[in-house]
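Engineer: Structure: data-v3.pdb, PDB, C-alpha atoms.
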```pdb
ATOM      1  CA  MET J 265      16.759 -23.411   4.850  1.00  0.00           C
ATOM      2  CA  ASP J 266      15.070 -21.037   7.332  1.00  0.00           C
ATOM      3  CA  PHE J 267      12.500 -18.744   5.748  1.00  0.00           C
ATOM      4  CA  SER J 268      11.218 -17.258   9.007  1.00  0.00           C
ATOM      5  CA  VAL J 269      12.924 -13.874   8.489  1.00  0.00           C
ATOM      6  CA  LEU J 270      11.610 -13.560   4.928  1.00  0.00           C
ATOM      7  CA  ASN J 271       8.129 -14.647   6.013  1.00  0.00           C
ATOM      8  CA  LYS J 272       8.162 -12.063   8.819  1.00  0.00           C
ATOM      9  CA  LYS J 273       9.170  -9.232   6.446  1.00  0.00           C
ATOM     10  CA  THR J 274       6.522 -10.261   3.924  1.00  0.00           C
ATOM     11  CA  SER J 275       3.839 -10.444   6.609  1.00  0.00           C
ATOM     12  CA  ASP J 276       4.810  -7.057   8.074  1.00  0.00           C
ATOM     13  CA  SER J 277       4.723  -5.441   4.622  1.00  0.00           C
ATOM     14  CA  PHE J 278       1.300  -6.935   3.865  1.00  0.00           C
ATOM     15  CA  HIS J 279      -0.185  -5.724   7.147  1.00  0.00           C
ATOM     16  CA  LYS J 280       1.328  -2.261   6.724  1.00  0.00           C
ATOM     17  CA  GLN J 281      -0.148  -1.908   3.232  1.00  0.00           C
ATOM     18  CA  ARG J 282      -3.509  -3.283   4.407  1.00  0.00           C
ATOM     19  CA  ASN J 283      -3.632  -0.679   7.179  1.00  0.00           C
ATOM     20  CA  ILE J 284      -2.821   2.102   4.696  1.00  0.00           C
ATOM     21  CA  LEU J 285      -5.713   0.960   2.499  1.00  0.00           C
ATOM     22  CA  LYS J 286      -8.086   0.776   5.474  1.00  0.00           C
ATOM     23  CA  LYS J 287      -7.237   4.313   6.560  1.00  0.00           C
ATOM     24  CA  LEU J 288      -7.514   5.717   3.032  1.00  0.00           C
ATOM     25  CA  GLY J 289     -10.878   3.964   2.665  1.00  0.00           C
ATOM     26  CA  GLN J 290     -12.035   5.698   5.855  1.00  0.00           C
ATOM     27  CA  GLY J 291     -11.100   9.081   4.368  1.00  0.00           C
ATOM     28  CA  LYS J 292      -8.059   9.637   6.555  1.00  0.00           C
ATOM     29  CA  THR J 293      -4.989  11.470   5.283  1.00  0.00           C
ATOM     30  CA  ILE J 294      -1.907   9.259   5.099  1.00  0.00           C
ATOM     31  CA  LYS J 295       1.541  10.608   4.267  1.00  0.00           C
ATOM     32  CA  CYS J 296       4.360   8.903   2.373  1.00  0.00           C
ATOM     33  CA  GLU J 297       7.171   7.743   4.648  1.00  0.00           C
ATOM     34  CA  LYS J 298       9.875   8.962   2.266  1.00  0.00           C
ATOM     35  CA  CYS J 299       8.715  12.332   0.871  1.00  0.00           C
ATOM     36  CA  ASP J 300       5.981  13.209   3.402  1.00  0.00           C
ATOM     37  CA  GLY J 301       3.537  13.803   0.518  1.00  0.00           C
ATOM     38  CA  VAL J 302      -0.120  12.823   0.776  1.00  0.00           C
ATOM     39  CA  LEU J 303      -1.019   9.350  -0.506  1.00  0.00           C
ATOM     40  CA  LYS J 304      -3.901   9.138  -2.979  1.00  0.00           C
ATOM     41  CA  LEU J 305      -6.123   6.155  -3.744  1.00  0.00           C
ATOM     42  CA  ASP J 306      -6.884   6.032  -7.480  1.00  0.00           C
ATOM     43  CA  LEU J 307      -9.450   3.490  -8.655  1.00  0.00           C
ATOM     44  CA  ALA J 308      -9.872   5.090 -12.108  1.00  0.00           C
ATOM     45  CA  THR J 309      -6.744   3.627 -13.679  1.00  0.00           C
ATOM     46  CA  GLY J 310      -8.291   2.698 -17.008  1.00  0.00           C
ATOM     47  CA  GLU J 311      -8.499  -0.969 -16.060  1.00  0.00           C
ATOM     48  CA  SER J 312     -11.668  -2.030 -14.263  1.00  0.00           C
ATOM     49  CA  SER J 313      -9.933  -4.492 -11.946  1.00  0.00           C
ATOM     50  CA  LYS J 314      -6.908  -2.343 -11.023  1.00  0.00           C
ATOM     51  CA  GLY J 315      -6.230   0.464  -8.599  1.00  0.00           C
ATOM     52  CA  VAL J 316      -3.206   2.244  -7.184  1.00  0.00           C
ATOM     53  CA  VAL J 317      -2.097   4.057  -4.036  1.00  0.00           C
ATOM     54  CA  LYS J 318       0.666   6.563  -4.691  1.00  0.00           C
ATOM     55  CA  CYS J 319       2.238   9.859  -3.774  1.00  0.00           C
ATOM     56  CA  LYS J 320       3.030  12.641  -6.244  1.00  0.00           C
ATOM     57  CA  GLN J 321       6.762  11.917  -6.142  1.00  0.00           C
ATOM     58  CA  GLY J 322       6.258   8.205  -6.874  1.00  0.00           C
ATOM     59  CA  CYS J 323       8.097   7.006  -3.750  1.00  0.00           C
ATOM     60  CA  THR J 324       5.050   4.957  -2.740  1.00  0.00           C
ATOM     61  CA  ASN J 325       3.318   3.001  -5.474  1.00  0.00           C
ATOM     62  CA  ILE J 326       1.052   0.170  -4.338  1.00  0.00           C
ATOM     63  CA  MET J 327      -0.735  -1.654  -7.159  1.00  0.00           C
ATOM     64  CA  LEU J 328      -4.126  -3.115  -6.280  1.00  0.00           C
ATOM     65  CA  GLU J 329      -6.049  -5.970  -7.850  1.00  0.00           C
ATOM     66  CA  LEU J 330      -9.735  -5.412  -7.237  1.00  0.00           C
ATOM     67  CA  GLY J 331     -12.066  -8.400  -7.064  1.00  0.00           C
ATOM     68  CA  ALA J 332     -15.638  -8.495  -8.270  1.00  0.00           C
TER      69      ALA J 332
END
```
What is this structure when it is put down as structure tokens?
Structural biologist:
Amino acid sequence: MDFSVLNKKTSDSFHKQRNILKKLGQGKTIKCEKCDGVLKLDLATGESSKGVVKCKQGCTNIMLELGA
């Protein structure tokens, strides 16, 4: 079984999300690809080791696990 296509998609998605986090961490404004709303980084989710990147519409919702 050839997993190269799946591995490529997974890798591309990871790098895309990593770049979004980098830019948000630098204070840049990033817009959602679907609704064109501004993405927000929320580290005050109620759980100390969790964070989220999302738009108001909910099109983009990236859950983060924060390490110590």
Engineer: If you count only C-alpha atoms, which residues fall within 9 Å of stretch 307-324 of chain J, apart from same-chain ones fewer than 3 positions away, as a list in words?
Structural biologist: Ile284, Leu285, Lys295, Cys296, Glu297, Lys298, Cys299, Asp300, Gly301, Val302, Leu303, Lys304, Met327, Leu328, Glu329, Leu330, Gly331 and Ala332 of chain J
Engineer: Name the closest residue to J:Leu288 among the candidates J:Asn271, J:Leu305, J:Asp266, J:Asn325; distances are taken between atoms, counting only C-alpha atoms.
Structural biologist: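 Nearest to J:Leu288: J:Leu305.
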Engineer: In Å, with one decimal, what is the gap from atom CA of J:Thr274 to atom CA of J:Thr293?
Structural biologist: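 Straight-line distance from atom CA of J:Thr274 to atom CA of J:Thr293 works out to 24.6 Å.
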Engineer: Distance atom CA of J:Ser277-atom CA of J:Ile294, one decimal place?
Structural biologist: 16.1 Å
Engineer: Can you pull stretch 270-292 of chain J out of that block with N, CA, C and O atoms and hand it back as a short mmCIF file (atom, residue, chain, number, x, y, z; two decimals), in the first residue's frame?
Structural biologist:
```
data_model
loop_
_atom_site.label_atom_id
_atom_site.label_comp_id
_atom_site.auth_asym_id
_atom_site.auth_seq_id
_atom_site.Cartn_x
_atom_site.Cartn_y
_atom_site.Cartn_z
N LEU J 270 -1.03 10.38 1.18
CA LEU J 270 -1.53 10.72 2.51
C LEU J 270 -0.45 11.42 3.34
O LEU J 270 -0.72 12.43 4.00
N ASN J 271 0.76 10.91 3.28
CA ASN J 271 1.87 11.53 4.02
C ASN J 271 2.12 12.96 3.54
O ASN J 271 2.40 13.85 4.34
N LYS J 272 2.03 13.19 2.24
CA LYS J 272 2.23 14.51 1.67
C LYS J 272 1.16 15.48 2.15
O LYS J 272 1.46 16.61 2.56
N LYS J 273 -0.11 15.06 2.14
CA LYS J 273 -1.21 15.90 2.60
C LYS J 273 -1.06 16.24 4.08
O LYS J 273 -1.28 17.37 4.50
N THR J 274 -0.69 15.25 4.87
CA THR J 274 -0.51 15.44 6.31
C THR J 274 0.63 16.42 6.56
O THR J 274 0.52 17.33 7.39
N SER J 275 1.73 16.26 5.86
CA SER J 275 2.88 17.14 6.01
C SER J 275 2.54 18.57 5.60
O SER J 275 2.88 19.52 6.31
N ASP J 276 1.85 18.73 4.49
CA ASP J 276 1.46 20.06 4.01
C ASP J 276 0.55 20.76 5.03
O ASP J 276 0.71 21.94 5.31
N SER J 277 -0.41 20.01 5.58
CA SER J 277 -1.33 20.56 6.57
C SER J 277 -0.57 21.00 7.82
O SER J 277 -0.81 22.09 8.36
N PHE J 278 0.35 20.18 8.28
CA PHE J 278 1.14 20.50 9.47
C PHE J 278 1.93 21.79 9.25
O PHE J 278 1.93 22.69 10.09
N HIS J 279 2.61 21.89 8.12
CA HIS J 279 3.44 23.06 7.84
C HIS J 279 2.59 24.32 7.68
O HIS J 279 2.98 25.41 8.11
N LYS J 280 1.42 24.18 7.09
CA LYS J 280 0.51 25.31 6.92
C LYS J 280 0.05 25.83 8.29
O LYS J 280 0.07 27.03 8.55
N GLN J 281 -0.34 24.91 9.17
CA GLN J 281 -0.79 25.30 10.50
C GLN J 281 0.37 25.89 11.31
O GLN J 281 0.18 26.86 12.05
N ARG J 282 1.56 25.32 11.18
CA ARG J 282 2.73 25.84 11.88
C ARG J 282 3.02 27.28 11.46
O ARG J 282 3.31 28.14 12.29
N ASN J 283 2.92 27.54 10.16
CA ASN J 283 3.16 28.89 9.66
C ASN J 283 2.11 29.88 10.14
O ASN J 283 2.42 31.04 10.44
N ILE J 284 0.86 29.44 10.25
CA ILE J 284 -0.20 30.29 10.80
C ILE J 284 0.14 30.65 12.25
O ILE J 284 0.05 31.82 12.64
N LEU J 285 0.56 29.67 13.03
CA LEU J 285 0.91 29.92 14.43
C LEU J 285 2.11 30.86 14.55
O LEU J 285 2.12 31.75 15.40
N LYS J 286 3.10 30.68 13.70
CA LYS J 286 4.27 31.56 13.72
C LYS J 286 3.86 33.01 13.46
O LYS J 286 4.27 33.92 14.18
N LYS J 287 3.05 33.21 12.44
CA LYS J 287 2.63 34.56 12.07
C LYS J 287 1.76 35.20 13.15
O LYS J 287 1.92 36.38 13.47
N LEU J 288 0.85 34.42 13.74
CA LEU J 288 0.03 34.95 14.82
C LEU J 288 0.89 35.30 16.02
O LEU J 288 0.66 36.32 16.68
N GLY J 289 1.89 34.48 16.31
CA GLY J 289 2.82 34.74 17.41
C GLY J 289 3.64 36.00 17.19
O GLY J 289 4.08 36.65 18.14
N GLN J 290 3.85 36.38 15.94
CA GLN J 290 4.59 37.59 15.60
C GLN J 290 3.68 38.82 15.59
O GLN J 290 4.14 39.92 15.32
N GLY J 291 2.38 38.62 15.84
CA GLY J 291 1.44 39.73 15.87
C GLY J 291 0.85 40.09 14.52
O GLY J 291 0.20 41.11 14.38
N LYS J 292 1.07 39.25 13.53
CA LYS J 292 0.53 39.52 12.20
C LYS J 292 -0.95 39.13 12.14
O LYS J 292 -1.41 38.27 12.87
#
```
